[in-house]
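What follows is one structure encoded as structure tokens, with my remarks underneath.
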Amino acid sequence: MKLIKDKVAKLSFVALLMTVTAAMFYTPTASAHGEKSQAAFMRMRTIHWYDLHWSKETVAVNETMTVNGKFHVFAGWPETVDKPESSFLNIGIPGPVFIRQGSWIGGKLVPRSVALELGETYEFKVLLRARRPGDWHVHSMMNVEGGGPIIGPGKWVTITGSMKSFTNPVTTLTGDTIDLETYNRENTYFWHTFWFVVGLAWVGFWIRKPVFVPRLLAVDAGKANTLITDGEKKVGMAFAAGTMALVAFLMQTTNDKYPVTTPLQAGLLRGMIPIEKHAPTISVKVDDATYRVPGRAMQMTLTITNNGDEPVRLAEFNTAGVRFLDSKVWEDDTNYPDDLLAEDGLSVSDNSAIAPGEKRTVEVTASDAAWEVYRLADLIYDPDSRFAGLLFFSKENGQREMVTVDAPLIPSFI
Amino acid sequence: MSASQSAVRSRAEAIKVSRTFDWMICFVLFFIILGGYHIHYMLTGGDWDFWTDWKDRRLWVTVAPIVSITFPAAVQSVLWWRYRLPFGAVLCVLGLLFGEWINRYFNFWGWTYFPINFCFPSQLLPGAIVLDVILLLSNSMVLTAVVGGLAYGLLFYPGNWPVIAPLHVPVEYNGMVMTLADLQGYHYVRTGTPEYIRMVEKGTLRTFGKDVAPVSAFFSGFVSILIYFLWHFFGKWFGSTAFVKST
């Protein structure tokens, strides 16, 4: 029996070692950002990203690309998330695989935080320059103070080349052109090494003689004051005086070398210019909305009123970056990420043109695996079971009109 | 050999064992301090120490010395009152900087590719040396706290200036003035560190115009005095030996 127990113990140990070793060798790259883990209501009821465009899918190191589009700051912003009074237009990438050369909202450079208004729609653009080779998921992203990161749709972009060739030249106001990638690096290494050596010398000076046992015995015997000699005190004074003199000297020489320095710049940018609003010509009332868990489909009963002077058809329902299209009305030609595009995901009980002045009640179904894949179905577990999104209506002249919807959502489990 | 017999048979052997013991304790102590102090400093100083665009003339100058004088005060207390060794502060800072450089080089640069010139640690050694020497010369906790604590706060900014100043050179960027440090923060994308959480240049200290760093340093030195007292007592308590009475 003991023999069997020993063998089981040994084999278990070997199995454990093999598991640990296998885990060490299997370390896949984490290239995405957990965007699917973010609460569904955060993605559906805060910032609505649309008309997104990634200028390139492959880019070489040092080359640039842009991510641009529009975002609508939802008027029905959830109470559980702080309002976007202090927000930052970010870009969702795994660390600095690109550098952000510029970011604009409404044509205004936004290197700092901005105040956004609920109910407004803004144009944005982010200019990126490739730095680190690999396949990276590039998302639009807005950080909101008190709300956290609100991540938008992402698309895979490949960076080719070598990071060694990356440079980041910048010209300062004093007229020098530097490479920000390596600027001041040797200076940093030098002074840190210098002070580290001084510190080691100080500790080394004290541990050159026996350290713990004899000194503890001497202190316990009441002879502590005999342990420090006058010579050691003089060395201490030399260290302190040298340190203070050197710090003062370096302060002065640094000021001489860099006579023009400014404090870090910070502050909130206000007055972001939204896209000009046009008087809405279409109104939509959500009579009811259910999410059918088995069918991965959202069903809405909408009463649509066309107050304009052109007939319109419902073309798209967009929520959390997932686009449900009625392909008979609208086809995507922007090369939008496949996993976020349900080209035939929208069905309308009667999607014939709604004439000017007409009011029609229709059953709309948005169905696609994306509800599950992007964990939007988890909305039914949120504390405030409401859904929201953008409806796009198509006009005969090819123009679109956007209408927001926001209503309670009833889950259906059968 | 019974329990009452000595483990060594000669004075020479005793010295050899004692010295071996010294090296073992120094080695272990260094890494224990490194771990504890590093975690403490990352949790309390955190981003101010991580990024150049957080190293400002107000809050970084104030916060970094206050939260970093803790372990030096405690370790000084143990090493001085138990062993009369005046290198507690420097030992702590050496451990911290060693750990920080490993972290910055292998994690920040090696794994996530933030350039080292953007994420190097703050320099704390000049203040630590002075703190140790004041304890050595004064043999007084009060004097070390008052004079050393103040010096620790005052020396922080000038001690870092040779490395920080080049990054405070201004640059015009798309119609805005930024420092090179600001530009680093903008260029090298941090998805989890948006601009609004940067606690720099905040506060009401506006009376002194551009010369705010010395005032912040004095304030930092003043609070460092108080923190020194507190952590010195922590160290004293931690370094005490208590025996259970035999019944």
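Within each chain, counting starts at residue 1; across the structure tokens, chains are named A, B, ... in the order shown, with ligands numbered 1 upward in that order.
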
| task | Can you check which residues of chain A have any atom within 7 Å of chain B? Use only C-alpha atoms and format it as number ranges by chain. | result | A: 86, 88, 90-92, 95-96, 99-101, 111-113, 143, 145, 171-173, 181-185, 187-188, 195-196, 199, 203, 210-213, 215-216, 219, 224, 227, 233, 236-237, 240, 243, 247, 250-251, 254, 258, 260-265

| Looking only at the backbone, which of the residues in segment 33-122 of chain A does DSSP tag as alpha helix (DSSP H), as a ChimeraX atom specification? | /A:40-44

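A straight line drawn from atom CA of Asn255 of chain A to atom CA of Asp176 of chain A is 16.7 Å long.
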
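DSSP annotation of segment 2-199 of chain B from backbone atoms: strand (DSSP E or B) residues are Pro170, Val171, Glu172, Tyr173, Met176, Val177, Met178, Thr179 and Tyr188 of chain B.
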
| request: Calculate how many Å separate atom CA of Ile32 of chain B from atom CA of Ile225 of chain B, rounding to one decimal. | output: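 Atom CA of Ile225 of chain B lies at a distance of 24.8 Å from atom CA of Ile32 of chain B.
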
| said: Residues within 12 Å of Glu372 of chain A, please, as a ChimeraX atom specification. Count only C-alpha atoms; anything in the same chain fewer than 3 positions from it doesn't count. | reply: /A:36-37,40,291-298,322,339-340,367-369,375-380

| Residues at most 10 Å from Arg129 of chain A, counting only C-alpha atoms, excluding those fewer than 5 positions away in the same chain, as a list in words? |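 Once the adjacent positions are removed, what remains is Val59, Ala60, Val61, Asn62, Glu63, Thr64, Met65, Thr66, Pro96, Val97, Phe98, Ile99, Arg100, Gln101, Gly102, Ile159, Phe166 and Asn168 of chain A; His187 of chain B.
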
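Around Ser224 of chain B, within 8 Å and counting only C-alpha atoms, the residues found are Pro65, Ile66, Ile69, Ala145, Gly149, Leu150, Tyr152, Gly153, Ser220 and Tyr228 of chain B, once anything fewer than 4 positions away on its own chain is removed.
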
Could the residues in this selection be written to a file with N, CA, C and O atoms, as a PDB file, in the first residue's frame?
```
ATOM      1  N   PRO B  65       9.049  62.431  -1.326  1.00  0.00           N
ATOM      2  CA  PRO B  65       9.820  62.297  -0.073  1.00  0.00           C
ATOM      3  C   PRO B  65       8.965  61.826   1.101  1.00  0.00           C
ATOM      4  O   PRO B  65       9.418  61.015   1.914  1.00  0.00           O
ATOM      5  N   ILE B  66       7.732  62.310   1.166  1.00  0.00           N
ATOM      6  CA  ILE B  66       6.884  61.950   2.318  1.00  0.00           C
ATOM      7  C   ILE B  66       6.634  60.446   2.364  1.00  0.00           C
ATOM      8  O   ILE B  66       6.724  59.817   3.412  1.00  0.00           O
ATOM      9  N   ILE B  69      10.178  58.289   2.927  1.00  0.00           N
ATOM     10  CA  ILE B  69      11.028  58.362   4.125  1.00  0.00           C
ATOM     11  C   ILE B  69      10.636  57.291   5.149  1.00  0.00           C
ATOM     12  O   ILE B  69      11.323  57.082   6.150  1.00  0.00           O
ATOM     13  N   ALA B 145      15.165  63.295  12.848  1.00  0.00           N
ATOM     14  CA  ALA B 145      13.835  63.551  12.276  1.00  0.00           C
ATOM     15  C   ALA B 145      13.731  64.991  11.801  1.00  0.00           C
ATOM     16  O   ALA B 145      13.318  65.245  10.652  1.00  0.00           O
ATOM     17  N   GLY B 149      14.984  64.818   8.314  1.00  0.00           N
ATOM     18  CA  GLY B 149      13.718  64.755   7.575  1.00  0.00           C
ATOM     19  C   GLY B 149      13.554  65.959   6.668  1.00  0.00           C
ATOM     20  O   GLY B 149      13.145  65.846   5.506  1.00  0.00           O
ATOM     21  N   LEU B 150      13.883  67.122   7.212  1.00  0.00           N
ATOM     22  CA  LEU B 150      13.783  68.341   6.404  1.00  0.00           C
ATOM     23  C   LEU B 150      14.758  68.281   5.226  1.00  0.00           C
ATOM     24  O   LEU B 150      14.393  68.596   4.082  1.00  0.00           O
ATOM     25  N   TYR B 152      15.949  65.683   3.824  1.00  0.00           N
ATOM     26  CA  TYR B 152      15.485  64.649   2.898  1.00  0.00           C
ATOM     27  C   TYR B 152      14.469  65.247   1.908  1.00  0.00           C
ATOM     28  O   TYR B 152      14.530  64.983   0.702  1.00  0.00           O
ATOM     29  N   GLY B 153      13.565  66.057   2.428  1.00  0.00           N
ATOM     30  CA  GLY B 153      12.579  66.702   1.552  1.00  0.00           C
ATOM     31  C   GLY B 153      13.207  67.756   0.663  1.00  0.00           C
ATOM     32  O   GLY B 153      12.886  67.867  -0.521  1.00  0.00           O
ATOM     33  N   SER B 220       7.202  69.464   1.986  1.00  0.00           N
ATOM     34  CA  SER B 220       7.477  68.032   1.965  1.00  0.00           C
ATOM     35  C   SER B 220       8.433  67.663   3.099  1.00  0.00           C
ATOM     36  O   SER B 220       8.238  66.658   3.797  1.00  0.00           O
ATOM     37  N   TYR B 228       8.771  60.638   9.653  1.00  0.00           N
ATOM     38  CA  TYR B 228       9.982  59.999  10.171  1.00  0.00           C
ATOM     39  C   TYR B 228       9.746  59.499  11.599  1.00  0.00           C
ATOM     40  O   TYR B 228      10.079  58.368  11.934  1.00  0.00           O
TER      41      TYR B 228
END
```

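Using only C-alpha atoms for every distance, the candidate list A:Leu268, A:Val197, A:Ala248, A:Ala355 yields A:Ala355 as the residue closest to Asn307 of chain A.
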
List every residue of segment 72-110 of chain A that has an atom at most 7 Å from any atom of segment 115-124 of chain A, giving for each one its closest atom pair and the distance in Å to one decimal, counting only C-alpha atoms, sorted by chain and then by ascending residue number, as a Markdown table.
```
| residue | atom | partner | partner_atom | distance |
| --- | --- | --- | --- | --- |
| A:His72 | CA | A:Thr121 | CA | 4.2 |
| A:Val73 | CA | A:Leu118 | CA | 5.2 |
| A:Phe74 | CA | A:Gly119 | CA | 5.3 |
| A:Ala75 | CA | A:Gly119 | CA | 4.3 |
| A:Pro84 | CA | A:Leu116 | CA | 5.7 |
| A:Glu85 | CA | A:Ala115 | CA | 4.4 |
| A:Ser86 | CA | A:Ala115 | CA | 5.0 |
| A:Ser87 | CA | A:Ala115 | CA | 6.2 |
| A:Trp104 | CA | A:Phe124 | CA | 5.4 |
| A:Ile105 | CA | A:Phe124 | CA | 4.4 |
| A:Gly106 | CA | A:Glu123 | CA | 5.1 |
```

Only N, CA and C atoms, please: the residues just picked out, written as a PDB file, in the first residue's frame.
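Produced file out-v8.pdb, reproduced below:
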```pdb
ATOM      1  N   HIS A  72     -21.166  59.803 -30.686  1.00  0.00           N
ATOM      2  CA  HIS A  72     -22.326  60.497 -30.126  1.00  0.00           C
ATOM      3  C   HIS A  72     -22.314  60.286 -28.620  1.00  0.00           C
ATOM      4  N   VAL A  73     -22.380  61.382 -27.886  1.00  0.00           N
ATOM      5  CA  VAL A  73     -22.408  61.294 -26.420  1.00  0.00           C
ATOM      6  C   VAL A  73     -23.875  61.141 -26.027  1.00  0.00           C
ATOM      7  N   PHE A  74     -24.193  59.978 -25.556  1.00  0.00           N
ATOM      8  CA  PHE A  74     -25.589  59.606 -25.387  1.00  0.00           C
ATOM      9  C   PHE A  74     -26.293  60.467 -24.323  1.00  0.00           C
ATOM     10  N   ALA A  75     -27.442  60.989 -24.685  1.00  0.00           N
ATOM     11  CA  ALA A  75     -28.179  61.862 -23.753  1.00  0.00           C
ATOM     12  C   ALA A  75     -28.703  61.067 -22.557  1.00  0.00           C
ATOM     13  N   PRO A  84     -19.441  62.834 -18.699  1.00  0.00           N
ATOM     14  CA  PRO A  84     -18.125  63.017 -19.364  1.00  0.00           C
ATOM     15  C   PRO A  84     -17.639  64.465 -19.313  1.00  0.00           C
ATOM     16  N   GLU A  85     -17.666  65.035 -18.100  1.00  0.00           N
ATOM     17  CA  GLU A  85     -17.225  66.429 -17.977  1.00  0.00           C
ATOM     18  C   GLU A  85     -15.710  66.542 -18.020  1.00  0.00           C
ATOM     19  N   SER A  86     -15.045  65.444 -17.751  1.00  0.00           N
ATOM     20  CA  SER A  86     -13.594  65.394 -17.908  1.00  0.00           C
ATOM     21  C   SER A  86     -13.274  64.063 -18.585  1.00  0.00           C
ATOM     22  N   SER A  87     -12.973  64.140 -19.854  1.00  0.00           N
ATOM     23  CA  SER A  87     -12.771  62.924 -20.653  1.00  0.00           C
ATOM     24  C   SER A  87     -11.479  63.059 -21.441  1.00  0.00           C
ATOM     25  N   TRP A 104      -7.612  64.765 -32.473  1.00  0.00           N
ATOM     26  CA  TRP A 104      -8.443  65.946 -32.649  1.00  0.00           C
ATOM     27  C   TRP A 104      -9.902  65.607 -32.393  1.00  0.00           C
ATOM     28  N   ILE A 105     -10.597  66.534 -31.778  1.00  0.00           N
ATOM     29  CA  ILE A 105     -12.065  66.446 -31.679  1.00  0.00           C
ATOM     30  C   ILE A 105     -12.609  67.718 -32.306  1.00  0.00           C
ATOM     31  N   GLY A 106     -13.448  67.563 -33.295  1.00  0.00           N
ATOM     32  CA  GLY A 106     -13.996  68.737 -33.986  1.00  0.00           C
ATOM     33  C   GLY A 106     -12.905  69.619 -34.563  1.00  0.00           C
TER      34      GLY A 106
END
```

| Option closest in space to Met163 of chain A, from A:Lys70, A:His53, A:Lys5, A:Arg132 [counting only C-alpha atoms] | A:Arg132

| said: So, with only C-alpha atoms as the atoms that count, which of A:Arg400, A:Lys2, A:Arg43, A:Arg360 lies closest to Pro153 of chain A? | reply: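 Looking at the shortest contact to Pro153 of chain A, the residue is A:Arg43.
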
| A:Phe239, A:Phe413, A:Trp330, A:Phe393: which is nearest Phe205 of chain A, counting only C-alpha atoms? |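 That would be A:Phe239, the residue with the smallest distance to Phe205 of chain A.
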
| task | Grab the atom CA of Gly357 of chain A to atom CA of Pro311 of chain A distance for me, in Å with one decimal place. | result | 9.0 Å
